[in-house]
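Here is the file input.txt (compact mmCIF, C-alpha atoms).
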# COMPACT_ATOMS: atom_id res chain seq x y z
CA MET K 1 123.24 83.32 94.96
CA GLY K 2 123.99 79.62 95.36
CA GLY K 3 121.58 76.90 96.35
CA GLU K 4 122.73 76.81 99.98
CA GLU K 5 122.38 80.57 100.35
CA LEU K 6 118.94 80.57 98.75
CA ALA K 7 117.86 77.68 100.99
CA ALA K 8 118.96 79.66 104.05
CA ALA K 9 116.98 82.70 102.88
CA MET K 10 113.88 80.67 102.08
CA ASP K 11 114.10 78.94 105.47
CA LEU K 12 112.86 82.09 107.18
CA CYS K 13 109.94 82.67 104.80
CA VAL K 14 106.78 81.78 106.77
CA SER K 15 104.61 81.59 103.61
CA CYS K 16 102.13 84.08 105.02
CA LYS K 17 101.35 85.41 101.51
CA GLY K 18 101.51 88.98 102.81
CA CYS K 19 103.82 89.84 99.92
CA LYS K 20 101.14 88.85 97.41
CA SER K 21 98.77 91.55 98.66
CA GLU K 22 101.30 94.14 99.86
CA CYS K 23 103.92 94.02 97.10
CA PRO K 24 103.08 96.38 94.18
CA ALA K 25 104.07 93.59 91.79
CA SER K 26 102.09 90.95 93.74
CA VAL K 27 105.13 88.70 94.02
CA ASP K 28 104.03 85.51 95.78
CA MET K 29 107.09 84.34 97.71
CA ALA K 30 105.13 81.42 99.21
CA LYS K 31 104.69 79.92 95.73
CA LEU K 32 108.30 80.66 94.79
CA LYS K 33 109.44 78.99 98.00
CA ALA K 34 107.36 75.88 97.28
CA GLU K 35 108.83 75.67 93.76
CA PHE K 36 112.35 76.07 95.09
CA LEU K 37 111.84 73.44 97.79
CA GLN K 38 110.57 70.88 95.28
CA HIS K 39 113.80 71.25 93.31
CA TRP K 40 115.77 71.17 96.55
CA HIS K 41 114.10 67.90 97.59
CA ASP K 42 114.91 66.44 94.17
CA ALA K 43 118.59 67.00 94.90
CA HIS K 44 118.59 66.52 98.68
CA PRO K 45 116.54 63.79 100.41
CA ALA K 46 114.09 65.43 102.80
CA PRO K 47 114.78 64.80 106.51
CA LEU K 48 112.29 62.95 108.70
CA ARG K 49 110.79 66.12 110.18
CA ILE K 50 109.95 67.57 106.79
CA ARG K 51 108.41 64.31 105.58
CA VAL K 52 106.31 63.97 108.74
CA ILE K 53 104.99 67.53 108.40
CA ALA K 54 104.26 67.13 104.70
CA ASN K 55 102.33 63.90 105.30
CA TYR K 56 100.57 65.21 108.39
CA ALA K 57 97.06 64.55 107.07
CA SER K 58 97.56 60.89 106.22
CA LEU K 59 99.61 60.17 109.36
CA MET K 60 97.01 61.72 111.66
CA ARG K 61 94.18 59.84 109.98
CA LEU K 62 96.08 56.62 110.68
CA ALA K 63 96.58 57.68 114.31
CA VAL K 64 92.94 58.63 115.02
CA PRO K 65 91.83 55.09 116.05
CA PHE K 66 94.60 55.21 118.65
CA ALA K 67 93.87 58.78 119.79
CA PRO K 68 94.07 58.09 123.56
CA VAL K 69 97.48 56.43 123.18
CA PHE K 70 98.72 59.14 120.82
CA ASN K 71 97.54 61.91 123.16
CA PHE K 72 99.26 60.25 126.12
CA LEU K 73 102.53 59.91 124.23
CA VAL K 74 102.59 63.54 123.06
CA GLY K 75 101.25 64.89 126.36
CA ASN K 76 103.46 62.98 128.79
CA PRO K 77 106.62 65.02 129.56
CA VAL K 78 108.94 62.04 129.09
CA THR K 79 107.58 60.55 125.87
CA SER K 80 106.67 63.91 124.35
CA GLY K 81 110.21 65.09 124.92
CA LEU K 82 111.50 62.07 123.05
CA VAL K 83 109.07 62.64 120.16
CA LYS K 84 110.08 66.30 119.90
CA SER K 85 113.76 65.42 120.00
CA VAL K 86 113.42 62.86 117.21
CA LEU K 87 111.40 65.23 115.02
CA GLY K 88 113.44 68.32 115.77
CA PHE K 89 110.55 70.18 117.40
CA ALA K 90 111.08 72.79 120.10
CA ALA K 91 110.79 71.37 123.62
CA GLU K 92 108.75 74.44 124.61
CA ARG K 93 105.95 73.60 122.17
CA SER K 94 103.05 71.26 122.81
CA ILE K 95 102.18 68.80 120.05
CA PRO K 96 98.52 69.03 118.95
CA THR K 97 96.36 66.24 120.32
CA LEU K 98 93.79 64.22 118.37
CA CYS K 99 90.04 64.25 118.85
CA ARG K 100 88.60 60.90 119.85
CA VAL K 101 85.67 61.56 117.52
CA THR K 102 86.49 63.26 114.24
CA LEU K 103 84.25 65.83 112.58
CA GLU K 104 83.52 63.36 109.78
CA GLY K 105 82.72 60.60 112.30
CA TRP K 106 80.36 62.83 114.26
CA TYR K 107 78.63 64.02 111.11
CA ARG K 108 78.00 60.50 109.85
CA LYS K 109 76.53 59.33 113.16
CA SER K 110 74.82 62.38 114.60
CA HIS K 111 73.89 64.87 111.91
CA ALA K 112 70.65 64.20 110.12
CA ILE K 113 70.84 65.74 106.65
CA ALA K 114 67.64 67.65 106.05
CA PRO K 115 66.63 70.48 103.74
CA GLY K 116 67.40 73.83 105.34
CA GLY K 117 64.61 76.04 106.51
CA ASN K 118 65.67 78.78 104.12
CA GLY K 119 66.00 76.37 101.18
CA ARG K 120 69.72 76.97 100.76
CA ARG K 121 72.62 74.51 100.75
CA VAL K 122 76.26 74.69 101.87
CA HIS K 123 79.13 72.33 101.09
CA LEU K 124 81.28 72.45 104.23
CA PHE K 125 84.85 71.36 103.55
CA CYS K 126 86.02 68.87 106.18
CA ASP K 127 89.66 69.91 106.18
CA GLU K 128 92.35 67.72 107.64
CA PHE K 129 93.10 70.01 110.61
CA THR K 130 89.56 70.64 111.81
CA ASP K 131 88.64 67.01 111.26
CA VAL K 132 91.17 65.47 113.64
CA ASN K 133 92.49 68.33 115.82
CA ASP K 134 89.55 70.70 116.31
CA ALA K 135 86.47 68.62 115.57
CA GLN K 136 84.51 70.59 118.16
CA VAL K 137 84.94 73.72 116.03
CA GLY K 138 83.65 71.91 112.95
CA ILE K 139 80.70 70.46 114.89
CA ALA K 140 79.81 73.95 116.12
CA ALA K 141 79.96 75.24 112.53
CA VAL K 142 77.59 72.51 111.30
CA LYS K 143 75.17 73.17 114.16
CA LEU K 144 75.27 76.92 113.58
CA LEU K 145 74.61 76.66 109.86
CA ALA K 146 71.79 74.17 110.44
CA ALA K 147 70.23 76.40 113.09
CA LEU K 148 70.36 79.32 110.65
CA GLY K 149 68.37 77.28 108.13
CA TYR K 150 71.05 75.85 105.81
CA GLU K 151 71.30 72.30 104.57
CA VAL K 152 74.88 71.33 105.44
CA LEU K 153 76.64 68.79 103.25
CA LEU K 154 80.00 67.81 104.70
CA VAL K 155 82.47 67.06 101.92
CA ARG K 156 85.62 65.07 102.64
CA PRO K 157 87.65 64.66 99.46
CA ALA K 158 91.41 64.24 99.68
CA ALA K 159 93.25 66.51 102.11
CA SER K 160 93.75 70.12 101.01
CA GLY K 161 97.47 69.67 100.46
CA ARG K 162 98.46 72.68 102.54
CA ALA K 163 101.12 70.79 104.51
CA MET K 164 102.65 69.40 101.31
CA LEU K 165 102.70 72.83 99.72
CA SER K 166 104.32 74.41 102.76
CA GLN K 167 107.11 71.83 102.71
CA GLY K 168 107.65 71.97 98.95
CA PHE K 169 106.18 68.66 97.81
CA LEU K 170 104.45 70.17 94.80
CA ARG K 171 104.02 66.99 92.79
CA LYS K 172 102.15 65.29 95.63
CA ALA K 173 100.11 68.45 96.22
CA LYS K 174 99.28 68.55 92.50
CA ARG K 175 97.80 65.04 92.66
CA LEU K 176 95.68 66.04 95.66
CA ALA K 177 94.54 69.22 93.95
CA GLU K 178 93.48 67.35 90.82
CA ALA K 179 91.61 64.76 92.88
CA ASN K 180 89.80 67.49 94.82
CA VAL K 181 88.84 69.48 91.74
CA ALA K 182 87.58 66.36 89.97
CA PHE K 183 85.62 65.32 93.07
CA LEU K 184 83.96 68.70 93.63
CA ARG K 185 83.39 69.63 89.99
CA GLY K 186 79.65 69.62 89.40
CA LYS K 187 78.82 69.61 93.12
CA VAL K 188 79.72 73.17 94.10
CA SER K 189 77.78 76.09 92.61
CA ASP K 190 77.17 79.78 93.21
CA ASP K 191 74.07 78.91 95.24
CA ALA K 192 75.77 76.02 97.08
CA PRO K 193 79.37 77.17 97.60
CA LEU K 194 82.29 75.40 99.19
CA VAL K 195 82.82 76.85 102.66
CA GLY K 196 85.97 76.26 104.69
CA ILE K 197 86.64 76.64 108.40
CA GLU K 198 90.44 76.47 108.24
CA PRO K 199 91.79 79.43 106.22
CA SER K 200 95.03 77.75 105.18
CA ALA K 201 93.10 74.78 103.75
CA ILE K 202 90.36 76.65 101.87
CA SER K 203 92.96 79.08 100.53
CA CYS K 204 94.40 76.16 98.53
CA PHE K 205 91.17 76.10 96.53
CA LYS K 206 91.06 79.89 96.25
CA ASP K 207 94.69 80.47 95.34
CA GLU K 208 96.98 77.52 94.51
CA TYR K 209 94.79 74.98 92.72
CA PRO K 210 94.27 76.88 89.44
CA ASP K 211 98.06 76.99 89.01
CA LEU K 212 98.68 73.42 90.19
CA VAL K 213 96.25 71.27 88.25
CA ALA K 214 96.67 69.90 84.75
CA ARG K 215 95.51 72.06 81.85
CA GLU K 216 92.29 70.12 81.32
CA LEU K 217 91.23 70.87 84.92
CA GLN K 218 92.22 74.53 85.05
CA GLU K 219 88.83 75.89 84.01
CA ALA K 220 87.11 73.75 86.66
CA ALA K 221 89.71 74.83 89.24
CA ARG K 222 89.11 78.51 88.45
CA ALA K 223 85.36 78.02 88.75
CA LEU K 224 85.83 76.23 92.08
CA ALA K 225 88.15 79.02 93.31
CA GLY K 226 85.41 81.58 92.66
CA ARG K 227 82.93 79.49 94.63
CA SER K 228 85.19 78.76 97.60
CA LEU K 229 84.57 80.93 100.63
CA MET K 230 86.03 81.18 104.07
CA PHE K 231 83.42 80.61 106.77
CA GLU K 232 83.27 84.28 107.68
CA GLU K 233 83.04 85.33 104.03
CA PHE K 234 80.00 83.11 103.57
CA LEU K 235 78.25 84.39 106.70
CA ALA K 236 78.98 88.01 105.76
CA ARG K 237 77.54 87.41 102.26
CA GLU K 238 74.39 85.93 103.76
CA MET K 239 74.15 88.85 106.21
CA ASP K 240 74.26 91.26 103.28
CA ALA K 241 71.48 89.28 101.58
CA GLY K 242 69.33 89.59 104.71
CA ARG K 243 69.28 85.84 105.37
CA ILE K 244 71.19 86.09 108.66
CA ARG K 245 70.14 88.70 111.21
CA ALA K 246 71.15 89.75 114.69
CA ASP K 247 67.91 88.51 116.24
CA ALA K 248 69.14 84.91 115.77
CA PHE K 249 71.91 85.50 118.31
CA THR K 250 72.39 86.41 121.94
CA ASP K 251 71.78 89.86 123.41
CA ALA K 252 74.53 89.40 125.99
CA ALA K 253 77.25 92.05 126.05
CA ARG K 254 80.82 90.85 125.35
CA ASN K 255 84.10 92.33 124.23
CA VAL K 256 85.91 90.33 121.54
CA ARG K 257 89.55 90.66 120.46
CA VAL K 258 90.33 88.84 117.22
CA HIS K 259 93.57 87.84 115.50
CA VAL K 260 92.97 87.06 111.82
CA HIS K 261 94.83 84.33 109.90
CA CYS K 262 97.57 85.55 107.56
CA HIS K 263 95.99 83.92 104.49
CA GLN K 264 92.72 85.72 105.18
CA LYS K 265 94.56 89.03 105.41
CA ALA K 266 96.35 88.38 102.12
CA LEU K 267 93.70 86.65 100.01
CA SER K 268 90.45 88.00 101.42
CA ALA K 269 90.02 90.70 104.05
CA THR K 270 89.71 91.03 107.78
CA ASP K 271 86.45 92.95 107.57
CA PRO K 272 84.18 89.86 107.18
CA VAL K 273 85.67 88.34 110.35
CA VAL K 274 85.04 91.49 112.39
CA ARG K 275 81.56 91.98 110.93
CA VAL K 276 80.45 88.42 111.61
CA LEU K 277 81.75 88.40 115.17
CA GLY K 278 80.02 91.73 115.73
CA LEU K 279 76.62 90.55 114.52
CA PRO K 280 75.17 89.98 118.04
CA ARG K 281 73.76 93.35 119.05
CA ASN K 282 75.88 93.87 122.13
CA TYR K 283 79.16 92.39 120.96
CA SER K 284 82.00 94.88 120.68
CA VAL K 285 84.70 93.55 118.36
CA SER K 286 88.20 94.89 117.80
CA GLU K 287 90.84 93.43 115.55
CA ILE K 288 94.32 92.94 116.95
CA LYS K 289 96.44 94.71 114.36
CA SER K 290 99.02 91.98 114.30
CA GLY K 291 101.08 90.42 111.57
CA CYS K 292 102.02 86.75 111.69
CA CYS K 293 101.42 84.96 114.99
CA GLY K 294 104.84 83.34 114.66
CA MET K 295 103.58 79.77 114.32
CA ALA K 296 102.88 79.83 110.57
CA GLY K 297 101.73 76.22 110.48
CA ALA K 298 104.70 74.08 111.45
CA PHE K 299 107.28 76.89 111.31
CA GLY K 300 107.03 77.78 114.99
CA TYR K 301 107.21 74.15 116.10
CA GLN K 302 110.66 73.62 114.66
CA LYS K 303 113.51 73.83 117.16
CA ASP K 304 115.65 76.05 114.95
CA HIS K 305 112.76 78.49 114.38
CA TYR K 306 111.43 78.73 117.94
CA ALA K 307 113.30 81.90 118.95
CA VAL K 308 112.31 83.69 115.74
CA SER K 309 108.69 82.62 116.08
CA MET K 310 108.53 84.01 119.62
CA LYS K 311 110.05 87.32 118.53
CA VAL K 312 107.41 87.57 115.80
CA ALA K 313 104.60 86.84 118.26
CA GLU K 314 105.94 89.33 120.79
CA GLN K 315 105.86 92.20 118.29
CA VAL K 316 102.11 92.78 118.60
CA LEU K 317 100.01 89.69 119.21
CA LEU K 318 101.15 88.35 122.57
CA PRO K 319 101.30 91.79 124.27
CA ALA K 320 97.76 92.46 123.02
CA VAL K 321 96.53 89.12 124.37
CA ARG K 322 98.13 89.76 127.76
CA ALA K 323 96.58 93.24 127.86
CA ALA K 324 93.05 91.92 127.26
CA ALA K 325 90.69 91.91 130.20
CA ALA K 326 90.00 88.56 131.86
CA GLU K 327 86.37 88.65 130.73
CA ASP K 328 87.21 89.45 127.10
CA ILE K 329 86.92 86.78 124.40
CA VAL K 330 90.23 86.39 122.57
CA THR K 331 89.79 84.48 119.33
CA ALA K 332 91.72 83.52 116.21
CA SER K 333 90.66 82.05 112.89
CA GLY K 334 92.23 78.76 111.94
CA THR K 335 93.99 75.84 113.59
CA SER K 336 97.20 76.60 111.71

As structure tokens, the full file:
Amino acid sequence: MGGEELAAAMDLCVSCKGCKSECPASVDMAKLKAEFLQHWHDAHPAPLRIRVIANYASLMRLAVPFAPVFNFLVGNPVTSGLVKSVLGFAAERSIPTLCRVTLEGWYRKSHAIAPGGNGRRVHLFCDEFTDVNDAQVGIAAVKLLAALGYEVLLVRPAASGRAMLSQGFLRKAKRLAEANVAFLRGKVSDDAPLVGIEPSAISCFKDEYPDLVARELQEAARALAGRSLMFEEFLAREMDAGRIRADAFTDAARNVRVHVHCHQKALSATDPVVRVLGLPRNYSVSEIKSGCCGMAGAFGYQKDHYAVSMKVAEQVLLPAVRAAAAEDIVTASGTS
């Protein structure tokens, strides 16, 4: 198969990592795709859209001080249409807006660091997506952990590198990974793990970093991988230890439908998500037995992938969401 044919085949890989857990040989096509794309970029200059997606974290951090202007430009039908046209994004998609106050900014100004009531500590990873796009989710996570008695230390090293990995810029992702491992080495421990809100970001620590970093950092990367937990994994672990109980939550009755992130399905399990959401005594939780949502990070934004992404979403997820009762809570893990 020639390079052009392989590029066409790889173009429809959404890097969900389902193959890693479902294939008997544990073939990780997401990693193979990233390797292929790096070689492809070496021979073919990456177009603007790919470079913008890969550098999403740094570009959005630069745009945060101008969040109102940015949000107007991407929300206004005229200017947003122009932006989408230039970047090759589907006109039907809405570009994510920026928070006026980032998670890191709120934490620095509003969160008083104090020893937790249960004497335990958590390093909460301030990932690049939660920080600027869904700061309210990160703020809620900090408040929840603090209310449950944990000392919350927000850590903001370099970006996770997920966007670079997804677009095949492995050398840049390697530098980020090495910076993150060096920064967190010695800080994170079994008793004070690294906890991530965004599955695609924390999965970098759990899965890619040990293979990316230089040899002298591999041992530290493996240790960090074993101490990196998705938010729901951490809460489920603490539930099992008896440190989090149902009496800390509401007694109200609610039905919850949950769609779990692909990386959680492949690298962890869906059970912790369902268990944690079902901790309140009268919460009834059911998992939507869906595959990929169709978005797969930036995949579903791209004009040439829009139709495919909608077909993927319509297989299970969107019909299940439409079938949910108006009073049901429909939730998903992860910005991406």

Calculate, to one decimal in Å, the centre and edge lengths of the box along x, y and z of the file that holds all listed atoms of stretch 235-238 of chain K with 5 Å of margin on each side, and present them as JSON.
{"center_x": 76.7, "center_y": 86.2, "center_z": 104.5, "size_x": 14.6, "size_y": 13.6, "size_z": 14.4}

Sort by chain and increasing residue number a table of all residues of stretch 128-178 of chain K within 10 Å of stretch 244-251 of chain K, each with its closest pair of atoms and their distance in Å to one decimal, counting only C-alpha atoms, and write it as a tab-separated table.
residue	atom	partner	partner_atom	distance
K:Ala147	CA	K:Ala248	CA	9.0
K:Leu148	CA	K:Ile244	CA	7.1
K:Gly149	CA	K:Ile244	CA	9.3

By how many Å are atom CA of K:Ser228 and atom CA of K:Pro193 apart?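 One can read the atom CA of K:Ser228 to atom CA of K:Pro193 distance as 6.0 Å.
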
What is the distance, in Å and to one decimal place, between atom CA of K:Ala34 and atom CA of K:Leu170?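 Interatomic distance here is 6.9 Å.
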
Rounded to one decimal in Å, what is the spacing between atom CA of K:Leu217 and atom CA of K:Ala158?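 These two atoms are separated by 16.2 Å.
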
Can you pull out the residues contacting K:Ala252? Cut-off 10 Å, using all atoms listed in the file, and skip same-chain residues under 4 positions away; I want them as a PyMOL selection string. chain K and resi 280-283

Residue nearest K:Gln167 among K:Pro319, K:Gly75, K:Gly3, K:Gly297 (counting all atoms listed in the file):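 Residue with the minimum atom-to-atom distance to K:Gln167: K:Gly297.
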
Find the spatial neighbours of K:Ser94, counting only C-alpha atoms, within a cut-off of 10 Å - ignore same-chain residues fewer than 6 positions away - and output them as an mmCIF file with C-alpha atoms, keeping the file's coordinate frame.
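In the end it all went to selection_20.cif:
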data_model
loop_
_atom_site.group_PDB
_atom_site.id
_atom_site.type_symbol
_atom_site.label_atom_id
_atom_site.label_comp_id
_atom_site.auth_asym_id
_atom_site.auth_seq_id
_atom_site.Cartn_x
_atom_site.Cartn_y
_atom_site.Cartn_z
ATOM 1 C CA VAL K 74 102.590 63.540 123.060
ATOM 2 C CA GLY K 75 101.250 64.890 126.360
ATOM 3 C CA PRO K 77 106.620 65.020 129.560
ATOM 4 C CA SER K 80 106.670 63.910 124.350
ATOM 5 C CA GLY K 81 110.210 65.090 124.920
ATOM 6 C CA LYS K 84 110.080 66.300 119.900
ATOM 7 C CA TYR K 301 107.210 74.150 116.100
#

Rank nothing, just name the residue among K:Ala253, K:Gly186, K:Ala177, K:Glu314 nearest to K:Pro210, using all atoms listed in the file.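 Residue with the minimum atom-to-atom distance to K:Pro210: K:Ala177.
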
Quick one: of K:Leu194, K:Cys16, K:Ala7, K:Ala236, who's nearest to K:Lys265, counting all atoms listed in the file?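 Of K:Leu194, K:Cys16, K:Ala7, K:Ala236, the one nearest K:Lys265, counting all atoms listed in the file, is K:Cys16.
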
Could you rebuild stretch 81-103 of chain K with N, CA, C and O atoms and give me the result as a CSV table (one decimal), in the coordinates of the input?
chain,number,residue,atom,x,y,z
K,81,GLY,N,108.9,64.6,125.1
K,81,GLY,CA,110.2,65.1,124.9
K,81,GLY,C,111.0,64.3,123.9
K,81,GLY,O,111.8,64.8,123.1
K,82,LEU,N,110.8,63.0,124.0
K,82,LEU,CA,111.5,62.1,123.0
K,82,LEU,C,111.0,62.3,121.6
K,82,LEU,O,111.8,62.4,120.7
K,83,VAL,N,109.7,62.4,121.5
K,83,VAL,CA,109.1,62.6,120.2
K,83,VAL,C,109.6,64.0,119.6
K,83,VAL,O,110.0,64.0,118.4
K,84,LYS,N,109.6,65.0,120.4
K,84,LYS,CA,110.1,66.3,119.9
K,84,LYS,C,111.6,66.2,119.5
K,84,LYS,O,112.0,66.8,118.5
K,85,SER,N,112.3,65.5,120.3
K,85,SER,CA,113.8,65.4,120.0
K,85,SER,C,114.0,64.7,118.7
K,85,SER,O,114.8,65.1,117.9
K,86,VAL,N,113.3,63.6,118.5
K,86,VAL,CA,113.4,62.9,117.2
K,86,VAL,C,113.0,63.7,116.0
K,86,VAL,O,113.7,63.7,114.9
K,87,LEU,N,111.9,64.5,116.2
K,87,LEU,CA,111.4,65.2,115.0
K,87,LEU,C,112.0,66.6,114.9
K,87,LEU,O,111.7,67.3,113.9
K,88,GLY,N,112.8,67.0,115.9
K,88,GLY,CA,113.4,68.3,115.8
K,88,GLY,C,112.5,69.4,116.1
K,88,GLY,O,112.6,70.6,115.6
K,89,PHE,N,111.5,69.2,117.0
K,89,PHE,CA,110.6,70.2,117.4
K,89,PHE,C,111.1,70.8,118.7
K,89,PHE,O,111.8,70.2,119.5
K,90,ALA,N,110.7,72.1,118.9
K,90,ALA,CA,111.1,72.8,120.1
K,90,ALA,C,110.5,72.2,121.4
K,90,ALA,O,109.3,71.8,121.4
K,91,ALA,N,111.3,72.0,122.4
K,91,ALA,CA,110.8,71.4,123.6
K,91,ALA,C,109.7,72.2,124.3
K,91,ALA,O,108.8,71.7,125.0
K,92,GLU,N,109.7,73.5,124.0
K,92,GLU,CA,108.8,74.4,124.6
K,92,GLU,C,107.4,74.3,124.0
K,92,GLU,O,106.4,74.8,124.6
K,93,ARG,N,107.2,73.7,122.8
K,93,ARG,CA,106.0,73.6,122.2
K,93,ARG,C,105.2,72.4,122.6
K,93,ARG,O,105.8,71.4,123.0
K,94,SER,N,103.9,72.4,122.5
K,94,SER,CA,103.0,71.3,122.8
K,94,SER,C,102.5,70.7,121.5
K,94,SER,O,102.1,71.5,120.6
K,95,ILE,N,102.6,69.4,121.3
K,95,ILE,CA,102.2,68.8,120.0
K,95,ILE,C,100.7,68.7,120.1
K,95,ILE,O,100.1,68.3,121.1
K,96,PRO,N,100.0,69.1,119.0
K,96,PRO,CA,98.5,69.0,119.0
K,96,PRO,C,98.0,67.6,119.2
K,96,PRO,O,98.5,66.6,118.7
K,97,THR,N,97.0,67.5,120.0
K,97,THR,CA,96.4,66.2,120.3
K,97,THR,C,95.3,65.9,119.3
K,97,THR,O,94.8,66.8,118.5
K,98,LEU,N,94.8,64.7,119.3
K,98,LEU,CA,93.8,64.2,118.4
K,98,LEU,C,92.4,64.1,119.1
K,98,LEU,O,92.4,63.8,120.2
K,99,CYS,N,91.4,64.4,118.3
K,99,CYS,CA,90.0,64.2,118.8
K,99,CYS,C,89.7,62.8,118.8
K,99,CYS,O,90.0,62.1,117.9
K,100,ARG,N,89.0,62.3,119.8
K,100,ARG,CA,88.6,60.9,119.8
K,100,ARG,C,87.5,60.6,118.8
K,100,ARG,O,87.4,59.5,118.3
K,101,VAL,N,86.7,61.7,118.6
K,101,VAL,CA,85.7,61.6,117.5
K,101,VAL,C,86.0,62.7,116.5
K,101,VAL,O,86.0,63.8,116.8
K,102,THR,N,86.2,62.3,115.3
K,102,THR,CA,86.5,63.3,114.2
K,102,THR,C,85.2,64.0,113.8
K,102,THR,O,84.1,63.5,114.1
K,103,LEU,N,85.4,65.1,113.1
K,103,LEU,CA,84.2,65.8,112.6
K,103,LEU,C,83.5,64.9,111.6
K,103,LEU,O,82.2,64.9,111.7
